[in-house]
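Here is input-v7.cif, consisting of mmCIF, C-alpha atoms:
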```
data_start
loop_
_atom_site.label_atom_id
_atom_site.label_comp_id
_atom_site.auth_asym_id
_atom_site.auth_seq_id
_atom_site.Cartn_x
_atom_site.Cartn_y
_atom_site.Cartn_z
CA MET A 68 -6.88 -74.47 -46.47
CA VAL A 69 -3.15 -73.84 -46.00
CA LYS A 70 -3.55 -70.27 -47.26
CA ARG A 71 -6.52 -69.61 -44.94
CA LEU A 72 -4.72 -71.09 -41.93
CA PHE A 73 -1.63 -69.02 -42.71
CA ASP A 74 -3.74 -65.85 -43.08
CA PHE A 75 -5.51 -66.51 -39.77
CA ILE A 76 -2.35 -67.21 -37.75
CA VAL A 77 -0.31 -64.33 -39.18
CA SER A 78 -3.11 -61.75 -38.89
CA LEU A 79 -3.86 -62.83 -35.30
CA ILE A 80 -0.18 -62.55 -34.33
CA ILE A 81 0.13 -59.11 -35.98
CA ILE A 82 -3.02 -57.83 -34.24
CA ILE A 83 -1.83 -59.03 -30.82
CA ILE A 84 1.72 -57.70 -31.23
CA SER A 85 0.52 -54.40 -32.71
CA LEU A 86 -2.19 -53.70 -30.12
CA PRO A 87 -0.18 -50.92 -28.38
CA LEU A 88 0.49 -49.39 -31.82
CA PHE A 89 -3.22 -49.64 -32.65
CA LEU A 90 -4.03 -47.66 -29.51
CA LEU A 91 -1.30 -45.07 -30.12
CA ILE A 92 -2.29 -44.45 -33.74
CA GLY A 93 -5.94 -44.30 -32.74
CA ALA A 94 -5.20 -41.65 -30.12
CA ILE A 95 -3.17 -39.59 -32.61
CA ILE A 96 -5.93 -39.76 -35.24
CA ARG A 97 -8.50 -38.76 -32.61
CA LEU A 98 -6.45 -35.63 -31.85
CA ASP A 99 -5.74 -34.92 -35.52
CA LEU A 100 -9.11 -35.61 -37.12
CA GLY A 101 -11.52 -36.31 -34.30
CA PRO A 102 -13.88 -39.30 -34.37
CA PRO A 103 -14.16 -41.73 -36.01
CA ILE A 104 -10.60 -43.06 -36.00
CA VAL A 105 -11.26 -45.77 -38.58
CA PHE A 106 -12.53 -45.61 -42.15
CA ILE A 107 -15.09 -48.29 -43.02
CA GLN A 108 -16.26 -48.75 -46.60
CA GLU A 109 -18.09 -51.43 -48.55
CA ARG A 110 -15.84 -53.22 -51.04
CA PRO A 111 -16.28 -56.20 -53.39
CA GLY A 112 -14.53 -59.39 -52.33
CA PHE A 113 -14.35 -63.01 -53.49
CA LYS A 114 -16.91 -63.68 -56.24
CA LYS A 115 -17.87 -59.96 -55.94
CA LYS A 116 -19.51 -60.55 -52.55
CA SER A 117 -19.34 -57.31 -50.60
CA PHE A 118 -17.71 -56.79 -47.21
CA TYR A 119 -16.69 -53.79 -45.12
CA LEU A 120 -13.03 -52.81 -45.35
CA ILE A 121 -11.48 -51.31 -42.19
CA LYS A 122 -8.55 -48.88 -42.30
CA PHE A 123 -7.24 -46.07 -40.14
CA ARG A 124 -8.73 -42.75 -41.19
CA THR A 125 -6.27 -40.51 -43.05
CA MET A 126 -8.43 -37.76 -44.58
CA THR A 127 -10.76 -35.02 -43.45
CA ASN A 128 -14.37 -34.76 -44.63
CA TYR A 129 -13.94 -31.21 -45.93
CA LYS A 130 -16.30 -30.24 -48.75
CA ASN A 131 -16.46 -27.36 -51.22
CA LYS A 132 -19.26 -24.79 -51.30
CA ASN A 133 -21.36 -27.16 -53.42
CA GLY A 134 -21.19 -29.86 -50.77
CA LYS A 135 -18.83 -32.09 -52.76
CA LEU A 136 -15.82 -33.65 -51.04
CA LEU A 137 -12.51 -31.97 -51.85
CA SER A 138 -9.82 -33.94 -53.69
CA ASP A 139 -7.88 -36.61 -51.82
CA SER A 140 -4.74 -34.46 -51.83
CA ASP A 141 -6.65 -31.57 -50.23
CA ARG A 142 -8.16 -33.80 -47.53
CA LEU A 143 -5.08 -35.87 -46.71
CA THR A 144 -3.55 -34.65 -43.44
CA ILE A 145 0.15 -34.68 -42.53
CA ILE A 146 -0.49 -37.55 -40.12
CA GLY A 147 -2.56 -39.32 -42.77
CA ARG A 148 0.18 -38.91 -45.35
CA PHE A 149 2.68 -40.48 -42.93
CA LEU A 150 0.35 -43.40 -42.18
CA ARG A 151 -0.05 -44.10 -45.89
CA LEU A 152 3.66 -43.69 -46.57
CA THR A 153 4.45 -46.31 -43.93
CA SER A 154 1.34 -48.43 -44.72
CA LEU A 155 0.33 -48.18 -41.04
CA ASP A 156 -3.16 -47.14 -42.15
CA GLU A 157 -3.58 -50.79 -43.24
CA LEU A 158 -3.18 -52.27 -39.75
CA PRO A 159 -6.95 -52.51 -39.02
CA THR A 160 -7.35 -54.39 -42.30
CA MET A 161 -5.80 -57.35 -40.49
CA ILE A 162 -9.24 -57.72 -38.88
CA ASN A 163 -10.67 -58.34 -42.37
CA VAL A 164 -8.01 -61.01 -42.92
CA LEU A 165 -8.74 -62.60 -39.54
CA LYS A 166 -12.47 -62.72 -40.37
CA GLY A 167 -11.81 -64.26 -43.78
CA ASP A 168 -13.07 -61.32 -45.86
CA MET A 169 -9.57 -60.89 -47.26
CA SER A 170 -6.26 -62.65 -47.57
CA LEU A 171 -2.80 -61.28 -46.83
CA VAL A 172 -2.07 -61.55 -50.57
CA GLY A 173 -4.43 -60.98 -53.47
CA PRO A 174 -5.75 -58.23 -55.75
CA ARG A 175 -6.55 -55.07 -53.82
CA PRO A 176 -10.29 -54.61 -53.03
CA LEU A 177 -11.41 -51.58 -55.01
CA LEU A 178 -14.64 -49.56 -55.02
CA MET A 179 -18.09 -51.08 -55.53
CA GLN A 180 -18.84 -48.72 -58.45
CA TYR A 181 -15.88 -50.12 -60.37
CA LEU A 182 -17.63 -53.48 -60.81
CA GLU A 183 -19.66 -52.25 -63.77
CA ARG A 184 -16.58 -50.64 -65.36
CA TYR A 185 -14.44 -53.76 -65.62
CA SER A 186 -14.05 -55.66 -68.86
CA PRO A 187 -15.02 -59.34 -68.54
CA GLU A 188 -11.31 -60.21 -68.33
CA GLN A 189 -10.61 -57.59 -65.64
CA ALA A 190 -13.56 -58.87 -63.60
CA ARG A 191 -11.67 -62.16 -63.18
CA ARG A 192 -9.65 -60.46 -60.43
CA HIS A 193 -12.54 -61.44 -58.14
CA GLU A 194 -11.90 -65.16 -58.65
CA VAL A 195 -9.61 -65.05 -55.61
CA LYS A 196 -9.91 -63.26 -52.27
CA PRO A 197 -8.72 -59.65 -52.24
CA GLY A 198 -5.51 -58.98 -50.35
CA ILE A 199 -3.69 -56.36 -48.31
CA THR A 200 -0.82 -56.67 -50.77
CA GLY A 201 -0.52 -58.33 -54.14
CA TRP A 202 1.46 -58.86 -57.33
CA ALA A 203 0.41 -55.42 -58.62
CA GLN A 204 1.52 -53.77 -55.36
CA VAL A 205 5.05 -55.18 -55.56
CA ASN A 206 5.28 -54.25 -59.25
CA GLY A 207 4.47 -50.56 -58.99
CA ARG A 208 1.52 -50.13 -56.62
CA ASN A 209 0.06 -46.65 -57.30
CA ALA A 210 2.87 -45.65 -59.69
CA ILE A 211 1.49 -47.74 -62.59
CA SER A 212 -1.66 -47.41 -64.69
CA TRP A 213 -4.95 -49.15 -63.93
CA GLU A 214 -4.51 -51.40 -66.97
CA GLU A 215 -1.07 -52.48 -65.75
CA LYS A 216 -2.49 -53.14 -62.28
CA PHE A 217 -5.23 -55.36 -63.68
CA ASN A 218 -2.75 -57.27 -65.86
CA TYR A 219 -0.69 -58.04 -62.75
CA ASP A 220 -3.85 -59.01 -60.84
CA LEU A 221 -4.88 -61.44 -63.59
CA TRP A 222 -1.40 -62.94 -63.70
CA TYR A 223 -1.73 -63.60 -59.97
CA VAL A 224 -5.18 -65.17 -60.41
CA ASP A 225 -3.71 -67.60 -62.96
CA ASN A 226 -0.47 -68.33 -61.11
CA HIS A 227 -1.14 -67.95 -57.39
CA SER A 228 0.44 -70.38 -54.96
CA PHE A 229 1.49 -70.43 -51.32
CA TRP A 230 5.15 -69.87 -52.20
CA LEU A 231 4.28 -66.98 -54.51
CA ASP A 232 2.40 -65.42 -51.59
CA ILE A 233 5.48 -65.76 -49.39
CA LYS A 234 7.58 -64.10 -52.10
CA ILE A 235 5.09 -61.23 -52.44
CA LEU A 236 5.00 -60.68 -48.67
CA PHE A 237 8.79 -60.56 -48.53
CA ILE A 238 9.00 -58.06 -51.43
CA THR A 239 6.21 -55.99 -49.83
CA VAL A 240 8.25 -55.53 -46.64
CA LEU A 241 11.19 -54.32 -48.74
CA LYS A 242 8.96 -51.96 -50.74
CA VAL A 243 7.46 -50.44 -47.60
CA LEU A 244 10.91 -49.90 -46.09
CA LYS A 245 12.03 -48.22 -49.33
CA ARG A 246 8.72 -46.32 -49.61
CA GLU A 247 8.33 -47.19 -53.28
CA GLY A 248 5.18 -46.74 -55.39
CA ILE A 249 3.05 -45.10 -52.67
CA SER A 250 1.59 -42.41 -54.93
CA ALA A 251 0.57 -42.29 -58.55
CA SER A 252 2.28 -39.73 -60.74
CA GLN A 253 1.02 -36.24 -59.76
CA HIS A 254 -1.48 -37.77 -57.32
CA ASP A 255 -1.38 -38.47 -53.58
CA THR A 256 -3.66 -41.42 -54.19
CA MET A 257 -4.63 -43.43 -57.26
CA PRO A 258 -7.03 -41.48 -59.54
CA GLU A 259 -10.51 -42.90 -60.11
CA PHE A 260 -10.83 -45.83 -62.49
CA LEU A 261 -13.28 -44.74 -65.20
CA GLY A 262 -13.07 -47.83 -67.37
CA THR A 263 -10.44 -49.17 -69.73
CA PHE A 264 -12.01 -47.63 -72.80
CA SER A 265 -13.02 -44.27 -71.31
CA LYS A 266 -10.02 -42.48 -72.87
CA LYS A 267 -11.07 -43.63 -76.34
CA ILE A 268 -14.60 -42.16 -76.16
#
```

Once you've parsed the file, please lay out its structure as structure tokens.
Amino acid sequence: MVKRLFDFIVSLIIIIISLPLFLLIGAIIRLDLGPPIVFIQERPGFKKKSFYLIKFRTMTNYKNKNGKLLSDSDRLTIIGRFLRLTSLDELPTMINVLKGDMSLVGPRPLLMQYLERYSPEQARRHEVKPGITGWAQVNGRNAISWEEKFNYDLWYVDNHSFWLDIKILFITVLKVLKREGISASQHDTMPEFLGTFSKKI
């Protein structure tokens, strides 16, 4: 209850204070990419129950001649790259926190198709609400492997507390200011998770 109350109050304050910034970023995205200005995608949440994640749009919808979307690095615009670098693309996600779909701190909500690729142990990351930031984010974010991410997520599941959340939020602010761990090695975004054992096949 304390965690939920904290999430609600903080997300509401951030949304109210950031409203002019919301409008400014929305206008810039509209000029850069056109409508829509937000990216909405189904993601698995607590107990694998799905919800719709909201973020500012950072990529084009450009496709190759076969109708397949180009790579993230080819679709990421200059404005989009800046929004990700500063984590401003996450501002609309505060709406998910306000609604209770997410928490400020928890394992990041990944793609629905990943659910069937997790090992039983990795699937335990859904025993808590997903978060905007988490233990994996402050220990490498996109600069570490998927297996390392999931190990950090599981450590959080087993050790989470209100004071740990406060610590993670504080470290997150420092990481964003230092712009650490935004991209995976040789990737603008994290490469697709194909399963822990896919490399051994």

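Among the candidates A:Met68, A:Leu171, A:Leu231, A:Val243, the one nearest to Leu150 (chain A) when counting only C-alpha atoms is A:Val243.
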
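Neighbouring residues of region 82-85 of chain A at 10 Å or closer, counting only C-alpha atoms and skipping chain neighbours under 2 positions away, are Val77, Ser78, Leu79, Ile80, Pro87, Leu88, Phe89, Leu90, Leu91, Leu158, Pro159, Thr160, Met161, Ile162 and Leu165 of chain A.
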
Query raised in the report: Which residues, written as number ranges by chain, have at least one atom at most 6 Å from region 110-123 of chain A, with only C-alpha atoms counted and residues fewer than 3 positions away on the same chain left out?
Result: A: 105-107, 156-157, 159-160, 178-179, 193-197

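For the pair CA of Leu244 (chain A) and CA of Gly207 (chain A), the interatomic distance is 14.4 Å.
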
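Relative to CA of Ile96 (chain A), CA of Arg148 (chain A) is found at 11.8 Å.
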
Requested in this report: Write out as a count of residues only which residues come within 10 Å of Gln180 (chain A) when counting only C-alpha atoms, dropping same-chain ones fewer than 2 positions away.
Outcome: 10

Query raised in the report: In Å, how far is it from CA of Tyr219 (chain A) to CA of Gln189 (chain A)?
Result: 10.3 Å

Could you name the residues that touch Lys216 (chain A) at 8 Å or less, counting only C-alpha atoms, but leaving out those on the same chain fewer than 5 positions away, as a PDB file with C-alpha atoms, in the coordinates of the input?
```
ATOM      1  CA  ALA A 203       0.410 -55.420 -58.620  1.00  0.00           C
ATOM      2  CA  ARG A 208       1.520 -50.130 -56.620  1.00  0.00           C
ATOM      3  CA  ILE A 211       1.490 -47.740 -62.590  1.00  0.00           C
TER       4      ILE A 211
END
```

Requested in this report: Just the residues within 10 Å of Lys245 (chain A), please, counting only C-alpha atoms, with nothing from its chain fewer than 4 positions along; format it as a VMD selection string.
Outcome: chain A and resid 152 to 153 239 to 241

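Restricting the calculation to all atoms listed in the file, the smallest distance between Ile92 (chain A) and any of A:Phe73, A:Phe217, A:Gly147, A:Lys135 is found for A:Gly147.
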
Convert the output of the PyMOL selection byres ((chain A and resi 143) around 12) on the shown file into explicit residues, formatted as a tab-separated table (two decimals) with C-alpha atoms, in the frame of the given file.
```tsv
chain	number	residue	atom	x	y	z
A	99	ASP	CA	-5.74	-34.92	-35.52
A	100	LEU	CA	-9.11	-35.61	-37.12
A	124	ARG	CA	-8.73	-42.75	-41.19
A	125	THR	CA	-6.27	-40.51	-43.05
A	126	MET	CA	-8.43	-37.76	-44.58
A	127	THR	CA	-10.76	-35.02	-43.45
A	128	ASN	CA	-14.37	-34.76	-44.63
A	129	TYR	CA	-13.94	-31.21	-45.93
A	136	LEU	CA	-15.82	-33.65	-51.04
A	137	LEU	CA	-12.51	-31.97	-51.85
A	138	SER	CA	-9.82	-33.94	-53.69
A	139	ASP	CA	-7.88	-36.61	-51.82
A	140	SER	CA	-4.74	-34.46	-51.83
A	141	ASP	CA	-6.65	-31.57	-50.23
A	142	ARG	CA	-8.16	-33.80	-47.53
A	144	THR	CA	-3.55	-34.65	-43.44
A	145	ILE	CA	0.15	-34.68	-42.53
A	146	ILE	CA	-0.49	-37.55	-40.12
A	147	GLY	CA	-2.56	-39.32	-42.77
A	148	ARG	CA	0.18	-38.91	-45.35
A	149	PHE	CA	2.68	-40.48	-42.93
A	150	LEU	CA	0.35	-43.40	-42.18
A	151	ARG	CA	-0.05	-44.10	-45.89
A	152	LEU	CA	3.66	-43.69	-46.57
A	254	HIS	CA	-1.48	-37.77	-57.32
A	255	ASP	CA	-1.38	-38.47	-53.58
A	256	THR	CA	-3.66	-41.42	-54.19
```

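For the set A:Leu221, A:Ala210, A:Leu72, A:Leu155, the residue with the smallest atom-to-atom gap to Pro174 (chain A) is A:Leu221, counting only C-alpha atoms.
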
Query raised in the report: Quick one: which residues end up in the PyMOL selection byres ((chain A and resi 200) around 9) for this structure, as a PyMOL selection string?
Result: chain A and resi 170-175+197-199+201-205+235-236+239

Query raised in the report: Restricting the calculation to all atoms listed in the file, which member of A:Arg191, A:Asn133, A:Ile238, A:Ser212 is positioned closest to Val224 (chain A)?
Result: A:Arg191
